[in-house]
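Trainee: Next comes the structure file model07.cif, holding mmCIF, C-alpha atoms.
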```
data_final
loop_
_atom_site.label_atom_id
_atom_site.label_comp_id
_atom_site.auth_asym_id
_atom_site.auth_seq_id
_atom_site.Cartn_x
_atom_site.Cartn_y
_atom_site.Cartn_z
CA MET A 11 -34.56 7.15 -54.41
CA TYR A 12 -31.11 5.60 -54.09
CA PHE A 13 -27.88 6.40 -55.93
CA GLU A 14 -24.45 5.13 -55.01
CA ASP A 15 -22.16 7.95 -53.88
CA LEU A 16 -20.36 9.58 -56.84
CA HIS A 17 -22.78 8.02 -59.35
CA GLU A 18 -22.64 10.20 -62.48
CA GLU A 19 -25.44 11.20 -64.83
CA LYS A 20 -25.42 13.53 -67.79
CA ASN A 21 -27.86 16.42 -67.53
CA SER A 22 -30.55 16.22 -70.16
CA TYR A 23 -30.54 19.99 -70.67
CA ASN A 24 -26.79 20.63 -71.05
CA ASP A 25 -23.42 18.89 -71.28
CA HIS A 26 -22.58 19.00 -67.57
CA ILE A 27 -22.35 15.94 -65.37
CA LYS A 28 -24.39 15.52 -62.17
CA VAL A 29 -22.62 13.58 -59.42
CA MET A 30 -24.90 12.11 -56.77
CA VAL A 31 -23.94 12.27 -53.08
CA SER A 32 -25.96 11.22 -50.02
CA TRP A 33 -28.85 9.46 -51.81
CA LEU A 34 -28.99 6.79 -49.10
CA ASP A 35 -31.23 3.78 -48.55
CA THR A 36 -31.52 0.98 -46.00
CA GLN A 37 -30.85 -1.64 -48.69
CA ALA A 38 -27.35 -0.32 -49.48
CA PRO A 39 -24.37 0.17 -47.14
CA PHE A 40 -22.80 3.60 -46.89
CA GLN A 41 -19.50 4.93 -45.60
CA THR A 42 -19.48 5.98 -41.96
CA GLY A 43 -17.04 7.94 -39.88
CA GLU A 44 -16.50 11.30 -38.26
CA CYS A 45 -16.89 14.31 -40.57
CA PRO A 46 -14.58 17.26 -40.03
CA LYS A 47 -16.41 19.97 -38.03
CA GLU A 48 -15.29 22.63 -40.54
CA PHE A 49 -16.93 20.66 -43.36
CA VAL A 50 -20.25 20.32 -41.52
CA ASP A 51 -20.21 24.03 -40.63
CA GLU A 52 -19.60 24.99 -44.28
CA LEU A 53 -22.24 22.56 -45.53
CA LYS A 54 -24.83 24.11 -43.19
CA LYS A 55 -24.18 27.54 -44.75
CA ILE A 56 -25.33 26.40 -48.18
CA GLU A 57 -28.96 27.20 -48.81
CA PRO A 58 -30.78 24.43 -50.70
CA ARG A 59 -32.18 25.99 -53.86
CA ILE A 60 -33.07 23.42 -56.48
CA ARG A 61 -36.78 22.63 -56.19
CA THR A 62 -37.94 19.02 -56.40
CA LYS A 63 -41.16 17.28 -55.39
CA GLY A 64 -42.41 15.29 -52.45
CA TRP A 65 -41.67 14.45 -48.83
CA HIS A 66 -38.98 12.21 -47.47
CA THR A 67 -38.77 10.47 -44.12
CA CYS A 68 -35.40 9.19 -43.00
CA PRO A 69 -35.28 5.49 -43.96
CA PHE A 70 -33.02 4.68 -41.00
CA CYS A 71 -34.88 6.17 -38.04
CA ASN A 72 -38.23 7.39 -39.40
CA ASN A 73 -37.84 10.42 -37.13
CA ALA A 74 -36.52 13.12 -39.41
CA THR A 75 -38.77 14.33 -42.17
CA SER A 76 -37.67 16.62 -44.92
CA SER A 77 -39.90 18.26 -47.46
CA ASN A 78 -37.26 17.05 -49.92
CA GLU A 79 -38.48 20.06 -51.80
CA PHE A 80 -34.95 21.31 -52.31
CA LEU A 81 -31.57 19.93 -53.32
CA ILE A 82 -28.17 21.32 -52.61
CA GLU A 83 -25.99 21.73 -55.70
CA VAL A 84 -22.25 22.12 -55.26
CA PRO A 85 -19.80 22.58 -58.13
CA GLY A 86 -16.70 20.43 -58.20
CA ARG A 87 -13.82 19.05 -60.21
CA GLY A 88 -12.85 22.52 -61.39
CA ASN A 89 -16.49 23.43 -62.17
CA LYS A 90 -16.85 20.47 -64.53
CA VAL A 91 -19.52 18.70 -62.46
CA MET A 92 -22.33 19.59 -60.09
CA TYR A 93 -22.87 17.46 -57.00
CA ASP A 94 -26.60 16.84 -56.43
CA VAL A 95 -27.26 16.38 -52.72
CA PRO A 96 -30.60 15.94 -50.92
CA GLU A 97 -31.21 18.31 -48.06
CA MET A 98 -31.28 15.35 -45.62
CA ILE A 99 -27.46 15.12 -45.77
CA ILE A 100 -27.03 17.02 -42.49
CA HIS A 101 -29.38 14.62 -40.72
CA TYR A 102 -27.55 11.62 -42.17
CA ILE A 103 -24.20 13.01 -40.99
CA GLU A 104 -25.31 14.07 -37.51
CA GLU A 105 -27.65 11.19 -36.66
CA HIS A 106 -26.35 8.23 -38.68
CA ASN A 107 -22.61 8.90 -38.85
CA TYR A 108 -22.68 9.16 -42.66
CA LEU A 109 -19.31 10.14 -44.10
CA PRO A 110 -19.57 11.65 -47.59
CA PRO A 111 -16.82 10.93 -50.12
CA GLN A 112 -13.61 12.92 -49.59
CA GLU A 113 -14.05 14.42 -53.07
CA PHE A 114 -17.32 16.02 -51.95
CA ILE A 115 -15.84 17.18 -48.64
CA ASP A 116 -13.03 18.86 -50.61
CA ALA A 117 -15.56 20.54 -52.92
CA ILE A 118 -17.46 21.98 -49.94
CA MET A 119 -14.24 23.24 -48.39
CA ASN A 120 -13.32 25.00 -51.66
CA ILE A 121 -16.62 26.65 -52.64
CA GLY A 122 -15.66 29.99 -51.18
CA THR A 123 -12.57 30.32 -53.33
CA LYS A 124 -12.58 32.70 -56.26
CA ASP A 125 -10.78 30.06 -58.35
CA TYR A 126 -14.11 28.29 -58.77
CA GLY A 127 -16.12 31.44 -59.52
CA ILE A 128 -18.49 30.43 -56.76
CA SER A 129 -20.63 32.46 -54.42
CA ASP A 130 -19.14 32.68 -50.95
CA ILE A 131 -22.58 32.30 -49.42
CA THR A 132 -24.64 29.89 -51.53
CA GLY A 133 -22.00 27.78 -53.22
CA LEU A 134 -23.63 28.44 -56.60
CA PRO A 135 -21.81 29.81 -59.64
CA LYS A 136 -21.76 33.59 -59.96
CA CYS A 137 -22.28 35.53 -63.18
CA LYS A 138 -18.95 37.02 -64.22
CA ASP A 139 -20.70 40.02 -65.83
CA CYS A 140 -22.93 41.20 -63.00
CA ASP A 141 -21.88 39.03 -60.01
CA ASN A 142 -25.46 37.72 -59.71
CA GLU A 143 -25.85 34.57 -57.60
CA GLU A 144 -29.37 33.71 -58.79
CA LEU A 145 -28.27 31.27 -61.48
CA ASN A 146 -30.26 28.26 -60.24
CA GLY A 147 -27.54 25.70 -60.76
CA TRP A 148 -26.48 25.09 -64.36
CA SER A 149 -28.89 27.57 -65.98
CA SER A 150 -27.96 28.80 -69.46
CA HIS A 151 -28.55 32.53 -68.86
CA CYS A 152 -28.06 34.84 -65.89
CA LYS A 153 -31.32 35.92 -64.25
CA GLY A 154 -29.73 39.30 -63.43
CA CYS A 155 -28.35 40.50 -66.77
CA GLY A 156 -29.52 37.85 -69.24
CA GLN A 157 -26.02 37.09 -70.47
CA PRO A 158 -25.24 33.48 -71.43
CA ILE A 159 -23.48 31.64 -68.63
CA VAL A 160 -20.23 29.92 -69.58
CA TYR A 161 -18.89 27.33 -67.16
#
```
As structure tokens, please, write out the structure in this file.

Mentor:
Amino acid sequence: MYFEDLHEEKNSYNDHIKVMVSWLDTQAPFQTGECPKEFVDELKKIEPRIRTKGWHTCPFCNNATSSNEFLIEVPGRGNKVMYDVPEMIIHYIEEHNYLPPQEFIDAIMNIGTKDYGISDITGLPKCKDCDNEELNGWSSHCKGCGQPIVY
């Protein structure tokens, strides 16, 4: 499935905006260049958590296969959007010189800051009542304490 970088879609289950990053395809050009090492290191720390379906083979080299069972979600723009990123992003960066948009790089570099209310480890929002990180993206209630989540 292909989406142009920074393509926006409204979530069907809430008012937040999903911003697509790294949904690449051989039929569409993508930005290339050297990614900052610090960015790649931070990106590798984020555990993919959003479950999807199917398998995905890299369309550029047919060597790397991902279960594509998980997506990475990263909050951005002051917690107003969630970047949806396939787990193949690391492969695309390391093997195909993919350079994500600067906006996404900045979001990754800021996920550990308390200003965003984001988990230092997973990059997901944390419940302000119980500090639970098991929110599964833009869920409406905390899995830890059951309180409504306000973003």

Trainee: In terms of the shortest atom-to-atom distance over all atoms listed in the file, which of A:Glu19, A:Glu113, A:Glu97, A:Glu105 is closest to Lys54 in chain A?

Mentor: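 Closest to Lys54 in chain A, using all atoms listed in the file: A:Glu97.
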
Trainee: Which residues, named as in the file, does the PyMOL selection byres ((chain A and resi 30) around 6) pick out? Answer as an NGL selection string.

Mentor: :A and (15-17 or 29 or 31 or 93-94)

Trainee: Return as a list in words the set of residues that the PyMOL selection byres ((chain A and resi 46-49) around 7) yields on the displayed structure.

Mentor: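 Those residues are Glu44, Cys45, Val50, Asp51, Glu52, Leu53, Ile115, Ile118 and Met119 of chain A.
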
Trainee: Mind dumping the selected residues with C-alpha atoms as a PDB file, in the coordinates of the input?

Mentor:
```
ATOM      1  CA  GLU A  44     -16.500  11.300 -38.260  1.00  0.00           C
ATOM      2  CA  CYS A  45     -16.890  14.310 -40.570  1.00  0.00           C
ATOM      3  CA  VAL A  50     -20.250  20.320 -41.520  1.00  0.00           C
ATOM      4  CA  ASP A  51     -20.210  24.030 -40.630  1.00  0.00           C
ATOM      5  CA  GLU A  52     -19.600  24.990 -44.280  1.00  0.00           C
ATOM      6  CA  LEU A  53     -22.240  22.560 -45.530  1.00  0.00           C
ATOM      7  CA  ILE A 115     -15.840  17.180 -48.640  1.00  0.00           C
ATOM      8  CA  ILE A 118     -17.460  21.980 -49.940  1.00  0.00           C
ATOM      9  CA  MET A 119     -14.240  23.240 -48.390  1.00  0.00           C
TER      10      MET A 119
END
```

Trainee: What separation in Å, quoted to one decimal, exists between CA of Glu57 in chain A and CA of Glu83 in chain A?

Mentor: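 Going from CA of Glu57 in chain A over to CA of Glu83 in chain A, I get 9.3 Å.
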
Trainee: Tell me which of A:Gly88, A:Asn120, A:Leu81, A:Ser32 sits closest to His106 in chain A, counting all atoms listed in the file.

Mentor: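 The closest residue to His106 in chain A is A:Ser32.
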
Trainee: Given the file shown, determine the residues that the PyMOL selection byres ((chain A and resi 11) around 12) selects; report them as a PyMOL selection string.

Mentor: chain A and resi 12-14+30-38+64-69+78+95-96

Trainee: Just the residues within 8 Å of Tyr108 in chain A, please, counting all atoms listed in the file, with nothing from its chain fewer than 6 positions along; format it as a compact mmCIF listing (two decimals) with C-alpha atoms, in the frame of the given file.

Mentor:
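Below you can see result_17.txt, which holds the result:
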```txt
# COMPACT_ATOMS: atom_id res chain seq x y z
CA PHE A 40 -22.80 3.60 -46.89
CA GLN A 41 -19.50 4.93 -45.60
CA THR A 42 -19.48 5.98 -41.96
CA GLY A 43 -17.04 7.94 -39.88
CA GLU A 44 -16.50 11.30 -38.26
CA TYR A 102 -27.55 11.62 -42.17
```

Trainee: Just give me the gap between CA of Arg87 in chain A and CA of Pro39 in chain A in Å, one decimal is fine.

Mentor: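 So the two atoms, CA of Arg87 in chain A and CA of Pro39 in chain A, lie 25.3 Å apart.
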
Trainee: Between CA of Val84 in chain A and CA of Asn72 in chain A, what is the distance, to one decimal in Å?

Mentor: 26.9 Å
